[in-house]
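protein09.cif (mmCIF, C-alpha atoms) appears below.
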data_start
#
loop_
_atom_site.label_atom_id
_atom_site.label_comp_id
_atom_site.auth_asym_id
_atom_site.auth_seq_id
_atom_site.Cartn_x
_atom_site.Cartn_y
_atom_site.Cartn_z
CA MET A 1 0.00 0.00 0.00
CA SER A 2 2.84 2.38 0.85
CA GLU A 3 4.39 1.74 -2.57
CA PHE A 4 1.10 2.65 -4.23
CA LEU A 5 0.87 5.91 -2.28
CA GLU A 6 4.45 6.87 -3.14
CA LEU A 7 4.49 9.56 -5.81
CA ALA A 8 6.18 9.09 -9.17
CA PRO A 9 8.99 11.59 -9.92
CA GLN A 10 6.83 13.69 -12.27
CA TYR A 11 4.31 14.23 -9.45
CA GLN A 12 6.76 15.22 -6.73
CA LEU A 13 5.85 18.88 -6.48
CA SER A 14 7.08 21.85 -4.54
CA ASN A 15 5.10 23.05 -1.52
CA THR A 16 3.78 25.95 -3.60
CA SER A 17 2.55 23.64 -6.36
CA TRP A 18 0.85 21.39 -3.80
CA ALA A 19 -0.88 24.41 -2.27
CA ILE A 20 -2.16 25.38 -5.73
CA ALA A 21 -3.34 21.81 -6.36
CA PHE A 22 -5.16 21.64 -3.00
CA LEU A 23 -6.88 24.95 -3.75
CA GLY A 24 -7.93 23.66 -7.17
CA ALA A 25 -9.42 20.50 -5.63
CA PHE A 26 -11.27 22.60 -3.03
CA ILE A 27 -12.81 24.77 -5.76
CA ILE A 28 -13.88 21.65 -7.67
CA GLY A 29 -15.91 20.68 -4.60
CA ILE A 30 -17.52 24.12 -4.45
CA SER A 31 -18.31 23.97 -8.16
CA LYS A 32 -19.95 20.54 -7.88
CA ALA A 33 -22.09 21.83 -5.01
CA GLY A 34 -23.71 24.21 -7.50
CA ILE A 35 -21.49 27.26 -7.98
CA LYS A 36 -21.25 26.73 -11.72
CA GLY A 37 -18.90 28.72 -13.92
CA ILE A 38 -15.81 28.53 -11.72
CA SER A 39 -14.49 25.25 -13.14
CA ILE A 40 -12.10 27.18 -15.39
CA ILE A 41 -10.35 28.38 -12.23
CA THR A 42 -9.70 24.80 -11.15
CA ILE A 43 -8.46 23.83 -14.61
CA THR A 44 -6.08 26.78 -14.60
CA LEU A 45 -4.77 26.06 -11.09
CA LEU A 46 -4.14 22.37 -11.72
CA ALA A 47 -2.51 23.14 -15.07
CA LEU A 48 -0.15 25.42 -13.14
CA ALA A 49 0.60 22.71 -10.57
CA PHE A 50 1.09 19.95 -13.18
CA GLU A 51 1.85 19.86 -16.89
CA SER A 52 -1.18 20.83 -18.99
CA GLN A 53 -1.83 17.39 -20.50
CA ALA A 54 -1.11 15.56 -17.25
CA SER A 55 -3.50 17.85 -15.40
CA THR A 56 -6.48 16.59 -17.44
CA GLY A 57 -5.92 13.12 -16.00
CA ILE A 58 -5.58 14.51 -12.48
CA VAL A 59 -8.75 16.59 -12.79
CA LEU A 60 -11.13 13.88 -14.06
CA PRO A 61 -11.15 11.63 -10.94
CA LEU A 62 -11.58 14.75 -8.78
CA LEU A 63 -14.57 15.77 -10.88
CA MET A 64 -16.02 12.26 -10.64
CA LEU A 65 -15.81 12.31 -6.84
CA GLY A 66 -17.61 15.66 -6.84
CA ASP A 67 -20.20 14.20 -9.25
CA ILE A 68 -20.98 11.39 -6.81
CA PHE A 69 -21.69 13.82 -3.98
CA ALA A 70 -23.72 16.10 -6.27
CA VAL A 71 -25.86 13.24 -7.60
CA ILE A 72 -26.59 11.99 -4.08
CA TYR A 73 -27.49 15.45 -2.76
CA TYR A 74 -29.42 16.86 -5.75
CA ASN A 75 -30.82 13.66 -7.27
CA ARG A 76 -34.48 14.53 -6.66
CA HIS A 77 -34.17 17.77 -8.66
CA ALA A 78 -32.87 16.27 -11.92
CA GLN A 79 -34.89 17.02 -15.07
CA TRP A 80 -34.22 14.02 -17.26
CA LYS A 81 -35.84 15.35 -20.45
CA PHE A 82 -33.21 18.10 -20.70
CA LEU A 83 -30.41 15.71 -19.83
CA PHE A 84 -31.39 13.28 -22.60
CA LYS A 85 -31.45 16.10 -25.15
CA LEU A 86 -27.80 16.93 -24.44
CA LEU A 87 -26.26 13.57 -23.57
CA PRO A 88 -26.08 11.90 -27.03
CA TRP A 89 -24.48 14.99 -28.59
CA MET A 90 -22.06 15.31 -25.69
CA MET A 91 -20.97 11.70 -26.17
CA LEU A 92 -20.42 12.36 -29.86
CA GLY A 93 -18.36 15.44 -28.96
CA VAL A 94 -16.23 13.36 -26.58
CA VAL A 95 -15.49 10.79 -29.30
CA VAL A 96 -14.57 13.49 -31.83
CA GLY A 97 -12.48 15.31 -29.24
CA ASN A 98 -10.60 12.12 -28.44
CA TYR A 99 -9.53 11.55 -32.04
CA ILE A 100 -8.70 15.09 -33.17
CA GLY A 101 -7.73 16.67 -29.86
CA LYS A 102 -4.09 15.69 -30.16
CA ASP A 103 -3.75 17.50 -33.49
CA VAL A 104 -5.35 20.80 -32.42
CA LEU A 105 -2.96 23.55 -31.38
CA PRO A 106 -3.85 24.45 -27.77
CA SER A 107 -3.63 28.18 -28.48
CA THR A 108 -6.01 27.95 -31.45
CA PHE A 109 -8.47 25.76 -29.56
CA LYS A 110 -8.57 28.08 -26.53
CA GLN A 111 -9.11 31.21 -28.61
CA VAL A 112 -11.92 29.74 -30.71
CA MET A 113 -13.62 28.30 -27.63
CA ALA A 114 -13.34 31.59 -25.73
CA PHE A 115 -14.97 33.52 -28.60
CA ILE A 116 -17.81 30.97 -28.86
CA ILE A 117 -18.46 31.07 -25.12
CA LEU A 118 -18.39 34.87 -24.98
CA GLY A 119 -20.75 35.08 -27.96
CA SER A 120 -23.11 32.62 -26.29
CA VAL A 121 -23.02 34.56 -23.01
CA ILE A 122 -23.86 37.79 -24.84
CA MET A 123 -26.79 35.98 -26.45
CA MET A 124 -27.90 34.77 -23.02
CA PHE A 125 -27.74 38.29 -21.55
CA TRP A 126 -30.00 39.40 -24.41
CA TRP A 127 -32.44 36.56 -23.66
CA GLU A 128 -32.48 37.54 -19.99
CA LYS A 129 -33.32 41.17 -20.80
CA ARG A 130 -35.98 40.66 -23.47
CA LYS A 131 -39.66 40.68 -22.55
CA SER A 132 -40.44 37.29 -24.05
CA LYS A 133 -39.54 34.42 -21.73
CA ALA A 134 -39.99 31.66 -24.31
CA VAL A 135 -37.15 29.16 -24.34
CA PRO A 136 -35.32 28.35 -27.60
CA THR A 137 -36.87 25.26 -29.20
CA GLN A 138 -34.75 25.02 -32.37
CA TRP A 139 -33.19 21.56 -32.70
CA TRP A 140 -29.77 22.98 -33.50
CA PHE A 141 -29.46 24.79 -30.17
CA GLY A 142 -29.32 21.68 -27.99
CA THR A 143 -27.28 19.86 -30.63
CA LEU A 144 -24.65 22.60 -30.81
CA MET A 145 -24.43 23.11 -27.04
CA GLY A 146 -24.23 19.36 -26.43
CA PHE A 147 -21.59 18.68 -29.07
CA MET A 148 -19.42 21.63 -27.99
CA ALA A 149 -19.77 20.60 -24.35
CA GLY A 150 -18.61 17.05 -25.16
CA PHE A 151 -15.79 18.21 -27.41
CA THR A 152 -14.44 20.73 -24.89
CA THR A 153 -14.82 18.44 -21.89
CA MET A 154 -12.63 15.84 -23.63
CA LEU A 155 -9.95 18.34 -24.54
CA GLY A 156 -9.81 20.25 -21.30
CA ASN A 157 -12.69 19.50 -18.90
CA LEU A 158 -14.25 22.82 -19.96
CA ALA A 159 -17.79 21.85 -20.91
CA GLY A 160 -19.42 23.86 -18.14
CA ALA A 161 -19.81 27.04 -20.16
CA PHE A 162 -21.91 25.36 -22.84
CA THR A 163 -24.11 23.36 -20.47
CA ASN A 164 -24.56 26.45 -18.28
CA ILE A 165 -25.82 28.40 -21.29
CA TYR A 166 -28.18 25.59 -22.29
CA PHE A 167 -29.71 25.14 -18.84
CA LEU A 168 -30.06 28.89 -18.36
CA ALA A 169 -31.76 29.14 -21.76
CA MET A 170 -34.19 26.42 -20.63
CA ARG A 171 -34.87 28.63 -17.59
CA LEU A 172 -34.30 25.87 -15.06
CA PRO A 173 -34.61 27.01 -11.42
CA LYS A 174 -31.48 26.78 -9.28
CA ASP A 175 -31.99 23.31 -7.77
CA GLN A 176 -33.19 21.77 -11.05
CA PHE A 177 -30.20 23.34 -12.83
CA ILE A 178 -27.76 21.82 -10.35
CA GLY A 179 -29.50 18.43 -10.16
CA THR A 180 -29.70 17.99 -13.93
CA ALA A 181 -26.09 19.08 -14.41
CA ALA A 182 -24.98 16.70 -11.64
CA TRP A 183 -26.38 13.64 -13.41
CA LEU A 184 -25.21 14.85 -16.82
CA TYR A 185 -21.59 15.16 -15.72
CA PHE A 186 -21.68 12.00 -13.64
CA ILE A 187 -22.59 10.05 -16.79
CA ILE A 188 -20.33 11.90 -19.22
CA ASN A 189 -17.26 11.75 -16.97
CA ILE A 190 -17.67 7.97 -16.64
CA PHE A 191 -17.95 7.85 -20.45
CA LYS A 192 -14.68 9.84 -20.76
CA LEU A 193 -12.73 7.64 -18.35
CA PRO A 194 -11.69 4.86 -20.80
CA PHE A 195 -10.42 7.44 -23.31
CA HIS A 196 -8.15 8.99 -20.68
CA ILE A 197 -6.88 5.60 -19.54
CA PHE A 198 -6.42 3.72 -22.81
CA SER A 199 -6.21 6.38 -25.52
CA TRP A 200 -4.49 9.38 -23.95
CA GLY A 201 -2.79 7.57 -21.06
CA THR A 202 -3.37 10.54 -18.74
CA ILE A 203 -4.82 8.41 -15.92
CA SER A 204 -2.58 5.79 -14.33
CA MET A 205 -1.84 4.28 -10.93
CA GLU A 206 0.72 7.07 -10.47
CA SER A 207 -1.85 9.82 -11.13
CA ILE A 208 -4.39 8.12 -8.83
CA ALA A 209 -1.82 8.36 -6.00
CA VAL A 210 -1.99 12.14 -6.48
CA ASN A 211 -5.79 12.06 -6.48
CA LEU A 212 -5.86 10.27 -3.13
CA ARG A 213 -4.05 13.25 -1.61
CA LEU A 214 -6.45 15.74 -3.19
CA PHE A 215 -9.77 13.93 -2.61
CA PRO A 216 -10.34 15.31 0.95
CA MET A 217 -10.24 18.88 -0.38
CA VAL A 218 -13.00 18.06 -2.89
CA VAL A 219 -15.20 16.80 -0.04
CA ILE A 220 -14.52 19.88 2.10
CA GLY A 221 -15.19 22.16 -0.87
CA PHE A 222 -18.50 20.43 -1.58
CA LEU A 223 -19.69 20.87 2.01
CA VAL A 224 -18.72 24.55 1.96
CA GLY A 225 -20.39 25.00 -1.43
CA ILE A 226 -23.68 23.53 -0.18
CA LYS A 227 -23.85 26.21 2.52
CA ILE A 228 -23.16 28.94 -0.04
CA VAL A 229 -25.75 27.68 -2.54
CA GLU A 230 -28.46 27.53 0.15
CA LYS A 231 -28.13 31.30 0.65
CA ILE A 232 -28.34 32.24 -3.05
CA LYS A 233 -31.72 33.22 -4.46
CA ASN A 234 -32.77 31.85 -7.86
CA GLN A 235 -32.68 35.11 -9.86
CA PHE A 236 -29.29 36.10 -8.46
CA TYR A 237 -28.06 32.57 -9.21
CA ARG A 238 -28.89 32.99 -12.91
CA LYS A 239 -26.99 36.30 -13.09
CA MET A 240 -24.06 34.87 -11.15
CA ILE A 241 -23.72 31.90 -13.53
CA LEU A 242 -23.73 34.21 -16.56
CA VAL A 243 -21.05 36.46 -15.07
CA LEU A 244 -18.85 33.55 -13.95
CA THR A 245 -19.19 31.90 -17.37
CA ALA A 246 -18.14 35.12 -19.12
CA VAL A 247 -15.17 35.55 -16.76
CA GLY A 248 -14.22 31.92 -17.39
CA ALA A 249 -14.21 32.52 -21.16
CA ILE A 250 -11.87 35.48 -20.70
CA LEU A 251 -9.55 33.40 -18.48
CA ILE A 252 -9.46 30.68 -21.15
CA PHE A 253 -8.45 33.30 -23.72
CA LEU A 254 -5.71 34.73 -21.47
CA LYS A 255 -4.43 31.40 -20.13
#
Just give me the structure as structure tokens.
Amino acid sequence: MSEFLELAPQYQLSNTSWAIAFLGAFIIGISKAGIKGISIITITLLALAFESQASTGIVLPLLMLGDIFAVIYYNRHAQWKFLFKLLPWMMLGVVVGNYIGKDVLPSTFKQVMAFIILGSVIMMFWWEKRKSKAVPTQWWFGTLMGFMAGFTTMLGNLAGAFTNIYFLAMRLPKDQFIGTAAWLYFIINIFKLPFHIFSWGTISMESIAVNLRLFPMVVIGFLVGIKIVEKIKNQFYRKMILVLTAVGAILIFLK
């Protein structure tokens, strides 16, 4: 057991890097509790602590642990009809992202994704301000958001912006938003796992040893996040998610 817990040379970090990694894991817990839009912060922090590609394999098990807690806590609020509209297109996006992700220049990918997210957020602000409260019913909207969410979650665990926009456009109340997203990511992260293990090789016994050190911070973050979410009113929650998503897009562009 002690040999399993011993870190491989590439994961033997400085105290500063470990502090950054612990903070990133803590924020993952807060995000999974329902503070959507801050996942880009965790991706950035863990990419700073580890190499960019290696960090994707470190992040996924942390996200999956947060998914388990979120599904247990918010299960009764899930709206399955919206989940099923996104899930097939997300899975397709994951498969496409797996095969072409290695050939996409990271700088090009980040810039294009940032522009798409910012454009979508601007569109959402317009929807929030207009008098009509009808939700978009065009088939392409869910298809585009689902595919982009799957594609970006495979390349960098950054699907949150697209699913946030979709669920906000569907005008889901706070608890339904969080519950539906919890199940969606629980399923899609399990779907991604074999690609990271067998195709990209970013998850290994060595990376799991790192995860075991970071798991407690995810749990603590989730418990803290629950207390924060309980105090947020629904209308403010919608505005907060839009702002955090826009800030996340800018951070992607600057990263």
Worksheet item: To one decimal place, how far is atom CA of A:Val96 from atom CA of A:Phe151 in Å?
Response: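 Computed distance, atom CA of A:Val96 to atom CA of A:Phe151, equals 6.6 Å.
Among A:Leu158, A:Ile30, A:Ser14, A:Leu62, the residue with the shortest atom-to-atom distance to A:Thr44, counting all atoms listed in the file, is A:Leu158.
The space between atom CA of A:Met90 and atom CA of A:Thr143 spans 8.5 Å.
When atom CA of A:Tyr99 is paired with atom CA of A:Leu155, their separation reads 10.1 Å.
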Residues within 12 Å of (-17.3, 20.6, -4.2), file coords, all atoms listed in the file, listed as a PDB file with C-alpha atoms, in the frame of the given file:
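Okay, out25.pdb is ready:
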ATOM      1  CA  LEU A  23      -6.880  24.950  -3.750  1.00  0.00           C
ATOM      2  CA  GLY A  24      -7.930  23.660  -7.170  1.00  0.00           C
ATOM      3  CA  ALA A  25      -9.420  20.500  -5.630  1.00  0.00           C
ATOM      4  CA  PHE A  26     -11.270  22.600  -3.030  1.00  0.00           C
ATOM      5  CA  ILE A  27     -12.810  24.770  -5.760  1.00  0.00           C
ATOM      6  CA  ILE A  28     -13.880  21.650  -7.670  1.00  0.00           C
ATOM      7  CA  GLY A  29     -15.910  20.680  -4.600  1.00  0.00           C
ATOM      8  CA  ILE A  30     -17.520  24.120  -4.450  1.00  0.00           C
ATOM      9  CA  SER A  31     -18.310  23.970  -8.160  1.00  0.00           C
ATOM     10  CA  LYS A  32     -19.950  20.540  -7.880  1.00  0.00           C
ATOM     11  CA  ALA A  33     -22.090  21.830  -5.010  1.00  0.00           C
ATOM     12  CA  GLY A  34     -23.710  24.210  -7.500  1.00  0.00           C
ATOM     13  CA  ILE A  35     -21.490  27.260  -7.980  1.00  0.00           C
ATOM     14  CA  LYS A  36     -21.250  26.730 -11.720  1.00  0.00           C
ATOM     15  CA  ILE A  38     -15.810  28.530 -11.720  1.00  0.00           C
ATOM     16  CA  SER A  39     -14.490  25.250 -13.140  1.00  0.00           C
ATOM     17  CA  THR A  42      -9.700  24.800 -11.150  1.00  0.00           C
ATOM     18  CA  LEU A  62     -11.580  14.750  -8.780  1.00  0.00           C
ATOM     19  CA  LEU A  63     -14.570  15.770 -10.880  1.00  0.00           C
ATOM     20  CA  MET A  64     -16.020  12.260 -10.640  1.00  0.00           C
ATOM     21  CA  LEU A  65     -15.810  12.310  -6.840  1.00  0.00           C
ATOM     22  CA  GLY A  66     -17.610  15.660  -6.840  1.00  0.00           C
ATOM     23  CA  ASP A  67     -20.200  14.200  -9.250  1.00  0.00           C
ATOM     24  CA  ILE A  68     -20.980  11.390  -6.810  1.00  0.00           C
ATOM     25  CA  PHE A  69     -21.690  13.820  -3.980  1.00  0.00           C
ATOM     26  CA  ALA A  70     -23.720  16.100  -6.270  1.00  0.00           C
ATOM     27  CA  VAL A  71     -25.860  13.240  -7.600  1.00  0.00           C
ATOM     28  CA  TYR A  73     -27.490  15.450  -2.760  1.00  0.00           C
ATOM     29  CA  ALA A 182     -24.980  16.700 -11.640  1.00  0.00           C
ATOM     30  CA  LEU A 214      -6.450  15.740  -3.190  1.00  0.00           C
ATOM     31  CA  PHE A 215      -9.770  13.930  -2.610  1.00  0.00           C
ATOM     32  CA  PRO A 216     -10.340  15.310   0.950  1.00  0.00           C
ATOM     33  CA  MET A 217     -10.240  18.880  -0.380  1.00  0.00           C
ATOM     34  CA  VAL A 218     -13.000  18.060  -2.890  1.00  0.00           C
ATOM     35  CA  VAL A 219     -15.200  16.800  -0.040  1.00  0.00           C
ATOM     36  CA  ILE A 220     -14.520  19.880   2.100  1.00  0.00           C
ATOM     37  CA  GLY A 221     -15.190  22.160  -0.870  1.00  0.00           C
ATOM     38  CA  PHE A 222     -18.500  20.430  -1.580  1.00  0.00           C
ATOM     39  CA  LEU A 223     -19.690  20.870   2.010  1.00  0.00           C
ATOM     40  CA  VAL A 224     -18.720  24.550   1.960  1.00  0.00           C
ATOM     41  CA  GLY A 225     -20.390  25.000  -1.430  1.00  0.00           C
ATOM     42  CA  ILE A 226     -23.680  23.530  -0.180  1.00  0.00           C
ATOM     43  CA  LYS A 227     -23.850  26.210   2.520  1.00  0.00           C
ATOM     44  CA  ILE A 228     -23.160  28.940  -0.040  1.00  0.00           C
ATOM     45  CA  VAL A 229     -25.750  27.680  -2.540  1.00  0.00           C
TER      46      VAL A 229
END
Worksheet item: Once the PyMOL selection byres ((chain A and resi 17) around 12) has been applied to the shown file, what residues remain in the selection, as a ChimeraX atom specification?
Response: /A:11-16,18-24,45-51
Worksheet item: Which residues, written as an NGL selection string, have at least one atom at most 9 Å from A:Leu7, with only C-alpha atoms counted and residues fewer than 6 positions away on the same chain left out?
Response: :A and (206-207 or 209-210)
Practice prompt. Could you state which residues are captured by the PyMOL selection byres ((chain A and resi 164) around 10) in this file, as a ChimeraX atom specification?
Written response: /A:36-37,121,145,149,159-163,165-170,177-178,181,238,241-242,245
Discussion item. Around (-12.0, 9.9, -26.9), as given in the file, which residues come within 7 Å? Count all atoms listed in the file and list them as a ChimeraX atom specification.
Written reply: /A:94-99,154,192,195,199
Write the residues of the preceding selection, restricted to C-alpha atoms, as a short mmCIF file (atom, residue, chain, number, x, y, z; two decimals), keeping the file's coordinate frame.
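The result, stored in selection_25.cif:
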data_model
loop_
_atom_site.label_atom_id
_atom_site.label_comp_id
_atom_site.auth_asym_id
_atom_site.auth_seq_id
_atom_site.Cartn_x
_atom_site.Cartn_y
_atom_site.Cartn_z
CA VAL A 94 -16.23 13.36 -26.58
CA VAL A 95 -15.49 10.79 -29.30
CA VAL A 96 -14.57 13.49 -31.83
CA GLY A 97 -12.48 15.31 -29.24
CA ASN A 98 -10.60 12.12 -28.44
CA TYR A 99 -9.53 11.55 -32.04
CA MET A 154 -12.63 15.84 -23.63
CA LYS A 192 -14.68 9.84 -20.76
CA PHE A 195 -10.42 7.44 -23.31
CA SER A 199 -6.21 6.38 -25.52
#
Worksheet item: Nearest to A:Trp89: which of A:Tyr74, A:Phe141, A:Trp183, A:Trp200 is it, counting all atoms listed in the file?
Response: A:Phe141
Fill in: For A:Ile188, the nearest of the candidates A:Leu60, A:Lys239, A:Ser55, A:Pro173, counting all atoms listed in the file
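Among the listed residues, the smallest separation from A:Ile188 belongs to A:Leu60.
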Item to complete: Go through A:Asn189, A:Lys231, A:Met91, A:Pro61 one by one, measure the shortest atom-to-atom distance of each to A:Met148 using only C-alpha atoms, and give the residue with the smallest value.
Response: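 That would be A:Met91, the residue with the smallest distance to A:Met148.
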Discussion item. Considering all atoms listed in the file, can you say which of A:Gly156, A:Gly179, A:Gly150, A:Gly201 comes closest to A:Phe82?
Written reply: A:Gly179
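Of the residues listed (A:Leu172, A:Ile203, A:Ile197, A:Val243), A:Leu172 shows the shortest atom-to-atom separation from A:His77; distances use all atoms listed in the file.
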Could you please fill out stretch 199-211 of chain A with N, CA and C atoms and send it back as a short mmCIF file (atom, residue, chain, number, x, y, z; two decimals), keeping the file's coordinate frame?
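The result, stored in part05.cif:
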data_model
loop_
_atom_site.label_atom_id
_atom_site.label_comp_id
_atom_site.auth_asym_id
_atom_site.auth_seq_id
_atom_site.Cartn_x
_atom_site.Cartn_y
_atom_site.Cartn_z
N SER A 199 -6.56 5.64 -24.32
CA SER A 199 -6.21 6.38 -25.52
C SER A 199 -5.16 7.46 -25.24
N TRP A 200 -5.42 8.28 -24.25
CA TRP A 200 -4.49 9.38 -23.95
C TRP A 200 -3.44 8.99 -22.91
N GLY A 201 -3.74 7.99 -22.09
CA GLY A 201 -2.79 7.57 -21.06
C GLY A 201 -2.55 8.61 -19.98
N THR A 202 -3.55 9.48 -19.73
CA THR A 202 -3.37 10.54 -18.74
C THR A 202 -3.81 10.11 -17.34
N ILE A 203 -4.46 8.95 -17.23
CA ILE A 203 -4.82 8.41 -15.92
C ILE A 203 -4.09 7.09 -15.73
N SER A 204 -3.37 6.97 -14.63
CA SER A 204 -2.58 5.79 -14.33
C SER A 204 -2.58 5.58 -12.82
N MET A 205 -1.96 4.51 -12.37
CA MET A 205 -1.84 4.28 -10.93
C MET A 205 -1.05 5.41 -10.27
N GLU A 206 -0.07 5.96 -11.01
CA GLU A 206 0.72 7.07 -10.47
C GLU A 206 -0.13 8.33 -10.28
N SER A 207 -1.01 8.62 -11.25
CA SER A 207 -1.85 9.82 -11.13
C SER A 207 -2.91 9.63 -10.04
N ILE A 208 -3.40 8.38 -9.87
CA ILE A 208 -4.39 8.12 -8.83
C ILE A 208 -3.78 8.36 -7.44
N ALA A 209 -2.49 8.09 -7.29
CA ALA A 209 -1.82 8.36 -6.00
C ALA A 209 -1.89 9.85 -5.67
N VAL A 210 -1.83 10.69 -6.69
CA VAL A 210 -1.99 12.14 -6.48
C VAL A 210 -3.43 12.45 -6.09
N ASN A 211 -4.38 11.82 -6.79
CA ASN A 211 -5.79 12.06 -6.48
C ASN A 211 -6.14 11.73 -5.03
#
